[in-house]
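Pasted below: coords17.pdb, PDB, C-alpha atoms.
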MODEL        1
ATOM      1  CA  MET A   1     110.186 -12.936  76.095
ATOM      2  CA  GLN A   2     111.452 -16.416  75.331
ATOM      3  CA  THR A   3     115.187 -17.079  75.507
ATOM      4  CA  LYS A   4     116.991 -20.036  73.958
ATOM      5  CA  ASN A   5     120.641 -20.772  74.583
ATOM      6  CA  LEU A   6     122.307 -21.549  71.228
ATOM      7  CA  ASP A   7     125.821 -21.895  72.651
ATOM      8  CA  ILE A   8     127.500 -25.266  72.071
ATOM      9  CA  TYR A   9     130.366 -24.656  74.520
ATOM     10  CA  GLY A  10     128.463 -24.537  77.801
ATOM     11  CA  HIS A  11     128.213 -20.760  78.229
ATOM     12  CA  ASP A  12     125.128 -19.284  79.853
ATOM     13  CA  PRO A  13     122.510 -17.576  77.689
ATOM     14  CA  ILE A  14     123.239 -13.939  76.953
ATOM     15  CA  PRO A  15     120.734 -11.745  78.778
ATOM     16  CA  TRP A  16     118.691  -9.449  76.525
ATOM     17  CA  SER A  17     119.670  -6.622  78.887
ATOM     18  CA  ARG A  18     123.253  -6.893  77.558
ATOM     19  CA  ALA A  19     122.120  -6.492  73.942
ATOM     20  CA  LEU A  20     119.702  -3.725  74.890
ATOM     21  CA  ALA A  21     122.351  -1.689  76.738
ATOM     22  CA  LEU A  22     124.662  -1.921  73.720
ATOM     23  CA  LEU A  23     121.876  -0.941  71.310
ATOM     24  CA  GLU A  24     120.885   2.048  73.429
ATOM     25  CA  ASN A  25     124.470   3.336  73.309
ATOM     26  CA  PHE A  26     125.141   2.499  69.652
ATOM     27  CA  GLN A  27     126.003   5.370  67.334
ATOM     28  CA  GLY A  28     126.206   4.375  63.674
ATOM     29  CA  GLY A  29     128.586   5.992  61.250
ATOM     30  CA  PRO A  30     131.873   5.243  59.495
ATOM     31  CA  GLY A  31     133.097   1.837  60.630
ATOM     32  CA  GLN A  32     129.851   1.218  62.537
ATOM     33  CA  SER A  33     127.484   0.054  59.821
ATOM     34  CA  THR A  34     124.053  -1.501  60.110
ATOM     35  CA  TRP A  35     122.784  -3.834  57.404
ATOM     36  CA  ILE A  36     119.273  -4.743  56.334
ATOM     37  CA  ALA A  37     118.252  -7.987  54.660
ATOM     38  CA  THR A  38     115.064  -8.028  52.592
ATOM     39  CA  THR A  39     113.604 -10.515  50.120
ATOM     40  CA  ASP A  40     113.595  -9.898  46.370
ATOM     41  CA  PRO A  41     110.461 -10.708  44.339
ATOM     42  CA  ASP A  42     112.116 -13.916  43.079
ATOM     43  CA  GLY A  43     112.753 -15.038  46.695
ATOM     44  CA  GLY A  44     116.432 -14.122  46.648
ATOM     45  CA  ALA A  45     118.112 -12.244  49.460
ATOM     46  CA  HIS A  46     119.006  -8.559  49.224
ATOM     47  CA  LEU A  47     121.478  -7.078  51.717
ATOM     48  CA  ALA A  48     122.210  -3.356  51.927
ATOM     49  CA  GLY A  49     123.701  -0.845  54.316
ATOM     50  CA  VAL A  50     121.040   1.235  56.039
ATOM     51  CA  GLY A  51     120.947   4.322  58.252
ATOM     52  CA  ALA A  52     119.333   2.772  61.328
ATOM     53  CA  VAL A  53     118.916   4.070  64.869
ATOM     54  CA  TRP A  54     117.694   2.300  67.994
ATOM     55  CA  LEU A  55     115.104   4.331  69.900
ATOM     56  CA  ASP A  56     112.233   3.368  72.201
ATOM     57  CA  GLY A  57     113.134  -0.315  72.056
ATOM     58  CA  ARG A  58     113.102  -0.668  68.279
ATOM     59  CA  TYR A  59     114.995   0.008  65.101
ATOM     60  CA  TRP A  60     114.050   2.881  62.811
ATOM     61  CA  PHE A  61     115.639   3.265  59.386
ATOM     62  CA  THR A  62     115.465   5.266  56.185
ATOM     63  CA  SER A  63     115.343   4.246  52.559
ATOM     64  CA  GLY A  64     114.701   5.951  49.240
ATOM     65  CA  PRO A  65     111.322   4.939  47.778
ATOM     66  CA  LYS A  66     112.867   3.658  44.543
ATOM     67  CA  THR A  67     115.630   1.591  46.182
ATOM     68  CA  ARG A  68     115.512  -2.194  46.034
ATOM     69  CA  LYS A  69     115.046  -2.442  49.818
ATOM     70  CA  SER A  70     111.996  -0.138  49.804
ATOM     71  CA  ARG A  71     110.457  -1.965  46.870
ATOM     72  CA  ASN A  72     111.111  -5.293  48.603
ATOM     73  CA  ILE A  73     109.552  -4.062  51.855
ATOM     74  CA  ALA A  74     106.463  -2.853  49.977
ATOM     75  CA  ALA A  75     105.967  -6.387  48.633
ATOM     76  CA  ASN A  76     107.125  -8.281  51.738
ATOM     77  CA  PRO A  77     107.778  -6.349  54.968
ATOM     78  CA  THR A  78     109.681  -9.200  56.633
ATOM     79  CA  CYS A  79     113.303  -8.158  57.095
ATOM     80  CA  ALA A  80     116.289  -8.259  59.440
ATOM     81  CA  ILE A  81     118.816  -5.680  60.606
ATOM     82  CA  SER A  82     122.284  -6.736  61.715
ATOM     83  CA  VAL A  83     125.016  -4.865  63.516
ATOM     84  CA  SER A  84     128.335  -5.631  65.161
ATOM     85  CA  LEU A  85     128.229  -4.048  68.614
ATOM     86  CA  LYS A  86     131.075  -3.913  71.130
ATOM     87  CA  GLY A  87     131.416  -7.545  72.138
ATOM     88  CA  LEU A  88     128.184  -8.751  70.508
ATOM     89  CA  ASP A  89     127.075  -9.432  66.950
ATOM     90  CA  LEU A  90     123.314  -8.981  66.731
ATOM     91  CA  VAL A  91     120.544  -9.691  64.214
ATOM     92  CA  VAL A  92     117.019  -8.357  64.821
ATOM     93  CA  GLU A  93     114.243  -9.871  62.697
ATOM     94  CA  GLY A  94     110.734  -8.561  62.205
ATOM     95  CA  ARG A  95     108.406  -6.581  59.967
ATOM     96  CA  ALA A  96     109.009  -3.087  58.631
ATOM     97  CA  ASN A  97     106.225  -0.516  58.659
ATOM     98  CA  ARG A  98     106.477   2.847  56.946
ATOM     99  CA  VAL A  99     106.109   5.754  59.376
ATOM    100  CA  THR A 100     104.308   8.928  58.273
ATOM    101  CA  ASP A 101     103.149  10.340  61.618
ATOM    102  CA  ASP A 102     104.575  13.862  61.849
ATOM    103  CA  ALA A 103     105.312  13.805  65.596
ATOM    104  CA  THR A 104     107.223  10.521  65.296
ATOM    105  CA  LEU A 105     109.102  11.728  62.214
ATOM    106  CA  GLN A 106     110.075  14.982  63.968
ATOM    107  CA  ARG A 107     111.416  13.046  66.960
ATOM    108  CA  LEU A 108     113.377  10.692  64.706
ATOM    109  CA  ALA A 109     114.754  13.570  62.638
ATOM    110  CA  GLU A 110     116.074  15.086  65.861
ATOM    111  CA  THR A 111     117.722  11.764  66.730
ATOM    112  CA  TYR A 112     119.401  11.641  63.321
ATOM    113  CA  ARG A 113     120.515  15.275  63.654
ATOM    114  CA  THR A 114     122.115  14.447  67.008
ATOM    115  CA  GLY A 115     124.059  11.743  65.164
ATOM    116  CA  GLY A 116     125.261  14.223  62.531
ATOM    117  CA  TRP A 117     122.765  13.837  59.672
ATOM    118  CA  GLU A 118     120.731  17.024  59.147
ATOM    119  CA  ALA A 119     117.428  15.354  58.295
ATOM    120  CA  THR A 120     114.205  17.367  58.222
ATOM    121  CA  VAL A 121     110.605  16.254  57.794
ATOM    122  CA  LYS A 122     108.721  17.090  54.613
ATOM    123  CA  GLU A 123     105.453  15.543  53.435
ATOM    124  CA  GLY A 124     105.687  12.349  55.495
ATOM    125  CA  ALA A 125     109.349  11.585  54.777
ATOM    126  CA  PHE A 126     112.870  12.886  55.388
ATOM    127  CA  THR A 127     114.850  15.264  53.258
ATOM    128  CA  ALA A 128     118.380  16.591  53.684
ATOM    129  CA  ALA A 129     121.247  18.092  51.727
ATOM    130  CA  TYR A 130     122.824  14.624  51.445
ATOM    131  CA  SER A 131     122.373  10.957  52.285
ATOM    132  CA  ALA A 132     124.157   7.702  51.472
ATOM    133  CA  PRO A 133     125.390   7.579  47.865
ATOM    134  CA  SER A 134     123.103   4.606  47.158
ATOM    135  CA  ALA A 135     119.994   6.146  48.761
ATOM    136  CA  GLY A 136     118.787   7.959  45.680
ATOM    137  CA  PRO A 137     117.403  11.490  45.799
ATOM    138  CA  PRO A 138     115.068  12.718  48.547
ATOM    139  CA  PRO A 139     112.535  12.118  49.908
ATOM    140  CA  TRP A 140     113.611   9.185  52.067
ATOM    141  CA  TYR A 141     110.961   7.041  53.669
ATOM    142  CA  VAL A 142     111.221   6.204  57.357
ATOM    143  CA  TYR A 143     110.433   2.709  58.596
ATOM    144  CA  GLU A 144     109.961   1.087  61.984
ATOM    145  CA  LEU A 145     111.156  -2.494  62.440
ATOM    146  CA  VAL A 146     108.732  -4.297  64.748
ATOM    147  CA  ALA A 147     110.953  -7.046  66.156
ATOM    148  CA  THR A 148     109.759 -10.633  66.446
ATOM    149  CA  LYS A 149     113.084 -12.248  67.345
ATOM    150  CA  ALA A 150     116.781 -11.529  67.695
ATOM    151  CA  PHE A 151     120.007 -13.528  67.680
ATOM    152  CA  GLY A 152     123.176 -12.572  69.520
ATOM    153  CA  VAL A 153     126.668 -14.053  69.358
ATOM    154  CA  ALA A 154     129.161 -12.712  71.866
ATOM    155  CA  THR A 155     132.542 -11.705  70.490
ATOM    156  CA  ALA A 156     133.937 -10.931  73.948
ATOM    157  CA  GLU A 157     133.532 -12.446  77.398
ATOM    158  CA  PRO A 158     131.190 -13.482  78.749
ATOM    159  CA  ASN A 159     130.789 -15.550  75.589
ATOM    160  CA  GLY A 160     127.684 -17.246  74.334
ATOM    161  CA  ALA A 161     125.017 -17.358  71.665
ATOM    162  CA  THR A 162     121.327 -16.746  72.277
ATOM    163  CA  ARG A 163     117.980 -16.358  70.505
ATOM    164  CA  TRP A 164     115.308 -14.101  71.945
ATOM    165  CA  VAL A 165     111.661 -14.254  70.833
ATOM    166  CA  PHE A 166     109.549 -11.208  71.627
TER     167      PHE A 166
ENDMDL
END
Please render this file's structure as structure tokens.
Amino acid sequence: MQTKNLDIYGHDPIPWSRALALLENFQGGPGQSTWIATTDPDGGAHLAGVGAVWLDGRYWFTSGPKTRKSRNIAANPTCAISVSLKGLDLVVEGRANRVTDDATLQRLAETYRTGGWEATVKEGAFTAAYSAPSAGPPPWYVYELVATKAFGVATAEPNGATRWVF
């Protein structure tokens, strides 16, 4: 992993271990949103809330197949997920891959159920009694974000700003 200190005030680089510990303890929900940025066909940016979880050192997220973000990912899988963690704002960039492997989907569904969303696996996607109002009807595709780099800006001491390249 390459680390670059982006801080202009003389603070030390933020260790990735700090971001990782916060991600591993993050529980999304009301007031704890994650956001995904994708690219529209015309090159414009699209930003949307997304149900994302951090597991096994990567982000996993869901999206209805007819949503703008899913259509954008189908055309260009490059995207970024951002979140405000306790004391650290974080952006993780990479490529999204749709996940259809049943064992992986079952494990992720269990993770989402632990967080309060009663997702089940059906025909290579998730289904449930409800999802986000903007998600569209089920099924909901599941994606893995394979990270290439991340940016962190501390909002609490120890302060700093850092880029990590994986």
Nearest to Leu88 in chain A among A:Tyr112, A:Phe151, A:Trp140, A:Trp164, with distances taken over only C-alpha atoms: which residue is it?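 Checking each candidate against Leu88 in chain A, we get A:Phe151 as the closest.
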Please determine, counting only C-alpha atoms, which residue among A:Arg113, A:Lys149, A:Arg71, A:Lys86 has the shortest atom-to-atom distance to Arg98 in chain A. A:Arg71
Could you spell out the hits of the PyMOL selection byres ((chain A and resi 72) around 12) on the shown file, as a PyMOL selection string? chain A and resi 36-48+63-71+73-79+95-96
Those same residues - C-alpha atoms - I'd like them written as a tab-separated table (two decimals), in the coordinates of the input.
chain	number	residue	atom	x	y	z
A	36	ILE	CA	119.27	-4.74	56.33
A	37	ALA	CA	118.25	-7.99	54.66
A	38	THR	CA	115.06	-8.03	52.59
A	39	THR	CA	113.60	-10.52	50.12
A	40	ASP	CA	113.60	-9.90	46.37
A	41	PRO	CA	110.46	-10.71	44.34
A	42	ASP	CA	112.12	-13.92	43.08
A	43	GLY	CA	112.75	-15.04	46.70
A	44	GLY	CA	116.43	-14.12	46.65
A	45	ALA	CA	118.11	-12.24	49.46
A	46	HIS	CA	119.01	-8.56	49.22
A	47	LEU	CA	121.48	-7.08	51.72
A	48	ALA	CA	122.21	-3.36	51.93
A	63	SER	CA	115.34	4.25	52.56
A	64	GLY	CA	114.70	5.95	49.24
A	65	PRO	CA	111.32	4.94	47.78
A	66	LYS	CA	112.87	3.66	44.54
A	67	THR	CA	115.63	1.59	46.18
A	68	ARG	CA	115.51	-2.19	46.03
A	69	LYS	CA	115.05	-2.44	49.82
A	70	SER	CA	112.00	-0.14	49.80
A	71	ARG	CA	110.46	-1.96	46.87
A	73	ILE	CA	109.55	-4.06	51.86
A	74	ALA	CA	106.46	-2.85	49.98
A	75	ALA	CA	105.97	-6.39	48.63
A	76	ASN	CA	107.12	-8.28	51.74
A	77	PRO	CA	107.78	-6.35	54.97
A	78	THR	CA	109.68	-9.20	56.63
A	79	CYS	CA	113.30	-8.16	57.10
A	95	ARG	CA	108.41	-6.58	59.97
A	96	ALA	CA	109.01	-3.09	58.63
Selection result of the PyMOL selection byres ((chain A and resi 92) around 6) on this file, as a list in words: Ala80, Ile81, Val91, Glu93 and Ala150 of chain A
Any idea what the distance is between CA of Ala128 in chain A and CA of Asn25 in chain A? 24.5 Å
Rank nothing, just name the residue among A:Leu85, A:Ala135, A:Ala125, A:Ile14 nearest to Thr104 in chain A, using only C-alpha atoms.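 With only C-alpha atoms as the atom set, the closest residue is A:Ala125.
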Selection result of the PyMOL selection byres ((chain A and resi 34) around 12) on this file, as a compact mmCIF listing (two decimals) with C-alpha atoms, keeping the file's coordinate frame:
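Contents of the output file out16.txt:
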# COMPACT_ATOMS: atom_id res chain seq x y z
CA LEU A 23 121.88 -0.94 71.31
CA PHE A 26 125.14 2.50 69.65
CA GLN A 27 126.00 5.37 67.33
CA GLY A 28 126.21 4.38 63.67
CA GLY A 29 128.59 5.99 61.25
CA PRO A 30 131.87 5.24 59.50
CA GLY A 31 133.10 1.84 60.63
CA GLN A 32 129.85 1.22 62.54
CA SER A 33 127.48 0.05 59.82
CA TRP A 35 122.78 -3.83 57.40
CA ILE A 36 119.27 -4.74 56.33
CA ALA A 37 118.25 -7.99 54.66
CA LEU A 47 121.48 -7.08 51.72
CA ALA A 48 122.21 -3.36 51.93
CA GLY A 49 123.70 -0.84 54.32
CA VAL A 50 121.04 1.24 56.04
CA GLY A 51 120.95 4.32 58.25
CA ALA A 52 119.33 2.77 61.33
CA VAL A 53 118.92 4.07 64.87
CA TRP A 54 117.69 2.30 67.99
CA TYR A 59 115.00 0.01 65.10
CA TRP A 60 114.05 2.88 62.81
CA PHE A 61 115.64 3.26 59.39
CA THR A 62 115.46 5.27 56.18
CA ALA A 80 116.29 -8.26 59.44
CA ILE A 81 118.82 -5.68 60.61
CA SER A 82 122.28 -6.74 61.72
CA VAL A 83 125.02 -4.86 63.52
CA SER A 84 128.34 -5.63 65.16
CA LEU A 85 128.23 -4.05 68.61
CA ASP A 89 127.08 -9.43 66.95
CA LEU A 90 123.31 -8.98 66.73
CA VAL A 91 120.54 -9.69 64.21
CA VAL A 92 117.02 -8.36 64.82
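CA of Glu144 in chain A sits 21.0 Å away from CA of Ser17 in chain A.
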Rounded to one decimal, what separation in Å do you get between CA of Trp117 in chain A and CA of Arg18 in chain A? 27.4 Å
Among listed residues A:Ala154, A:Leu145, A:Thr114, A:Ala103, nearest Arg58 in chain A (using all atoms listed in the file): A:Leu145
